[in-house]
Amino acid sequence: MPELPDVEIFKQYLNATSLHHKIEAVEARSRDVLADLSSAELKKGLQGHNFKSTCRHGKYLFAALDNEKWLVLHFGMTGFLKYFKKMEEDSPHDRLLISFANGYHLAYDCQRKLGKIYLIEDSKKFVKEKGLGPDALGPNLNFKFFVEALGNRRAAVKSTLMNQKILAGIGNIYSDEILFQAGIYPKTKAGQLDKQSLQTLFKEINKVLSTAIEHRADPEKFPASYIIPHRHSNGNCPKCGEKIVRLKISGRSAYYCPQCQSQKE
DNA sequence: CCTATAGCCTGACGGC
DNA sequence: TGCCGTCAGGCTATAG
């Protein structure tokens with residue numbers, strides 16, 4: 001789930017459910033998802049406090065606490081948030097359980113434990129230390145920067161889009177969608193894209209990510225022209241009907257339409 | 001500096 | 001049914 005649009009929805013979800021409620025109890029159930037802090041430290045940082053506001057950078061969600069600290073959540077491949085009242089809804093994959101004074105709970109569910117939880121003082125510093133590029137939907141992103149960032153890259157454009165140090169937020173699924181909408185073959189070397197392709201690509205990054213957010217990051221609600229719902233073996237291109245092809249690029253699966261995303265010489 | 005790969009973790013699925 | 005390999009919306013350390 002968790003690429004930029006998904007995390008944006010998690011942020012909205014946290015805002016709608018969990019702000020300004022006093023945190024009464026904290027259960028950190030897996031050491032694996034705790035970055036560089038103990039469960040006791042996490043508990044100490046959260047208990048008795050409340051969330052004031054949130055923000056997001058790439059795939060990271062930041063929740064500001066009233067003690068000037070930030071809870072930072074990264075969702076790995078399988079993470080998501082769950083707000084509920086009855087403990088029957090608590091699942092074995094809920095790695096962190098925050099219980100509020102109003103009787104509700106916020107769970108961080110992360111089946112594969114590839115996500116990470118941090119407690120930090122300074123969100124700007126965190127982004128810098130992680131080496132994250134500008135948020136793919138953020139205000140600091142302009143075409144000039146984009147062209148320079150892709151400049152002399154020899155890697156496949158798909159890998160470049162997924163490189164969090166260049167742009168933060170795009171993952172395996174949405175890179176496929178962006179390249180499909182832009183009509184670009186995913187293995188094209190980033191540095192070999194002509195001006196026209198770069199312009200289209202730049203525009204589609206914004207368009208695809210905002211469209212996904214508008215539809216609550218739910219593929220079932222996506223426009224009929226989107227490849228994501230057809231992104232599997234046996235899938236057919238929603239634009240031309242051609243059979244969708246799978247490639248391996250830097251260890252990740254790329255799905256594309258050989259008709260609409262033809263390889264240029 | 002850049003790029004590609006293995007490893008981390010759990011579970012679902014298909015083939016034999 | 002069991003076992004095996006593969007795959008899965010990510011990141012990191014490491015090697016070339």
# chains A, B, ... in the order shown; residues from 1 in each chain; ligands from 1

call {"tool": "residues_around", "arguments": {"residues": "range 136-149 of chain A", "least_positions_apart": "3", "cutoff": "7 Å", "atoms": "only C-alpha atoms (C1' of nucleotides)", "output": "MDAnalysis selection string"}}
result
chainID A and resid 58 166:169 202 206

call {"tool": "write_last_selection", "arguments": {"atoms": "N, CA and C atoms", "output": "mmCIF file, in the first residue's frame"}}
result
data_model
loop_
_atom_site.group_PDB
_atom_site.id
_atom_site.type_symbol
_atom_site.label_atom_id
_atom_site.label_comp_id
_atom_site.auth_asym_id
_atom_site.auth_seq_id
_atom_site.Cartn_x
_atom_site.Cartn_y
_atom_site.Cartn_z
ATOM 1 N N GLY A 58 7.304 12.530 1.433
ATOM 2 C CA GLY A 58 7.445 11.265 0.715
ATOM 3 C C GLY A 58 6.565 10.220 1.362
ATOM 4 N N ILE A 166 16.241 11.284 -4.858
ATOM 5 C CA ILE A 166 15.991 12.236 -5.940
ATOM 6 C C ILE A 166 14.633 12.905 -5.741
ATOM 7 N N LEU A 167 13.603 12.066 -5.644
ATOM 8 C CA LEU A 167 12.245 12.527 -5.374
ATOM 9 C C LEU A 167 11.690 11.608 -4.306
ATOM 10 N N ALA A 168 10.993 12.153 -3.334
ATOM 11 C CA ALA A 168 10.461 11.322 -2.255
ATOM 12 C C ALA A 168 8.981 11.032 -2.458
ATOM 13 N N GLY A 169 8.620 9.761 -2.421
ATOM 14 C CA GLY A 169 7.212 9.388 -2.409
ATOM 15 C C GLY A 169 6.759 8.377 -3.441
ATOM 16 N N PHE A 202 7.186 14.962 -15.990
ATOM 17 C CA PHE A 202 7.050 15.902 -14.873
ATOM 18 C C PHE A 202 5.577 16.204 -14.587
ATOM 19 N N ASN A 206 2.792 14.741 -11.067
ATOM 20 C CA ASN A 206 1.837 15.529 -10.300
ATOM 21 C C ASN A 206 0.404 15.062 -10.512
#

call {"tool": "select_by_dssp", "arguments": {"residues": "range 5-227 of chain A", "states": "alpha helix (DSSP H)", "output": "VMD selection string"}}
result
chain A and resid 5 to 18 39 to 46 123 to 130 143 to 150 157 to 162 172 to 182 195 to 214

call {"tool": "interface_residues", "arguments": {"of": "chain A", "to": "chain B", "cutoff": "9 Å", "atoms": "only C-alpha atoms (C1' of nucleotides)", "output": "ChimeraX atom specification"}}
result
/A:32,111-114,153-155,250-251

call {"tool": "interface_residues", "arguments": {"of": "chain C", "to": "chain A", "cutoff": "9 Å", "atoms": "only C-alpha atoms (C1' of nucleotides)", "output": "number ranges by chain"}}
result
C: 8-11

call {"tool": "residues_around", "arguments": {"residues": "Lys85 in chain A", "least_positions_apart": "4", "cutoff": "8 Å", "atoms": "only C-alpha atoms (C1' of nucleotides)", "output": "list in words"}}
result
Glu89, Gly103, Tyr104 and His105 of chain A

call {"tool": "decode", "arguments": {"residues": "chain B", "atoms": "C-alpha atoms (C1' of nucleotides)", "output": "PDB file, in the first residue's frame"}}
result
ATOM      1  C1'  DC B   1      29.685   9.620  -7.296  1.00  0.00           C
ATOM      2  C1'  DC B   2      26.482   6.100  -9.323  1.00  0.00           C
ATOM      3  C1'  DT B   3      23.980   1.627  -9.912  1.00  0.00           C
ATOM      4  C1'  DA B   4      22.577  -3.019  -8.877  1.00  0.00           C
ATOM      5  C1'  DT B   5      22.076  -6.684  -5.550  1.00  0.00           C
ATOM      6  C1'  DA B   6      21.219  -9.296  -1.209  1.00  0.00           C
ATOM      7  C1'  DG B   7      19.001  -9.226   3.026  1.00  0.00           C
ATOM      8  C1'  DC B   8      15.498  -7.995   6.224  1.00  0.00           C
ATOM      9  C1'  DC B   9      10.292 -10.151   7.600  1.00  0.00           C
ATOM     10  C1'  DT B  10       5.757 -12.577   6.928  1.00  0.00           C
ATOM     11  C1'  DG B  11       2.284 -14.727   4.249  1.00  0.00           C
ATOM     12  C1'  DA B  12      -0.183 -16.126  -0.082  1.00  0.00           C
ATOM     13  C1'  DC B  13      -0.140 -18.721  -4.084  1.00  0.00           C
ATOM     14  C1'  DG B  14       0.923 -22.230  -7.664  1.00  0.00           C
ATOM     15  C1'  DG B  15       3.166 -26.537  -9.132  1.00  0.00           C
ATOM     16  C1'  DC B  16       4.631 -31.134  -8.020  1.00  0.00           C
TER      17       DC B  16
END
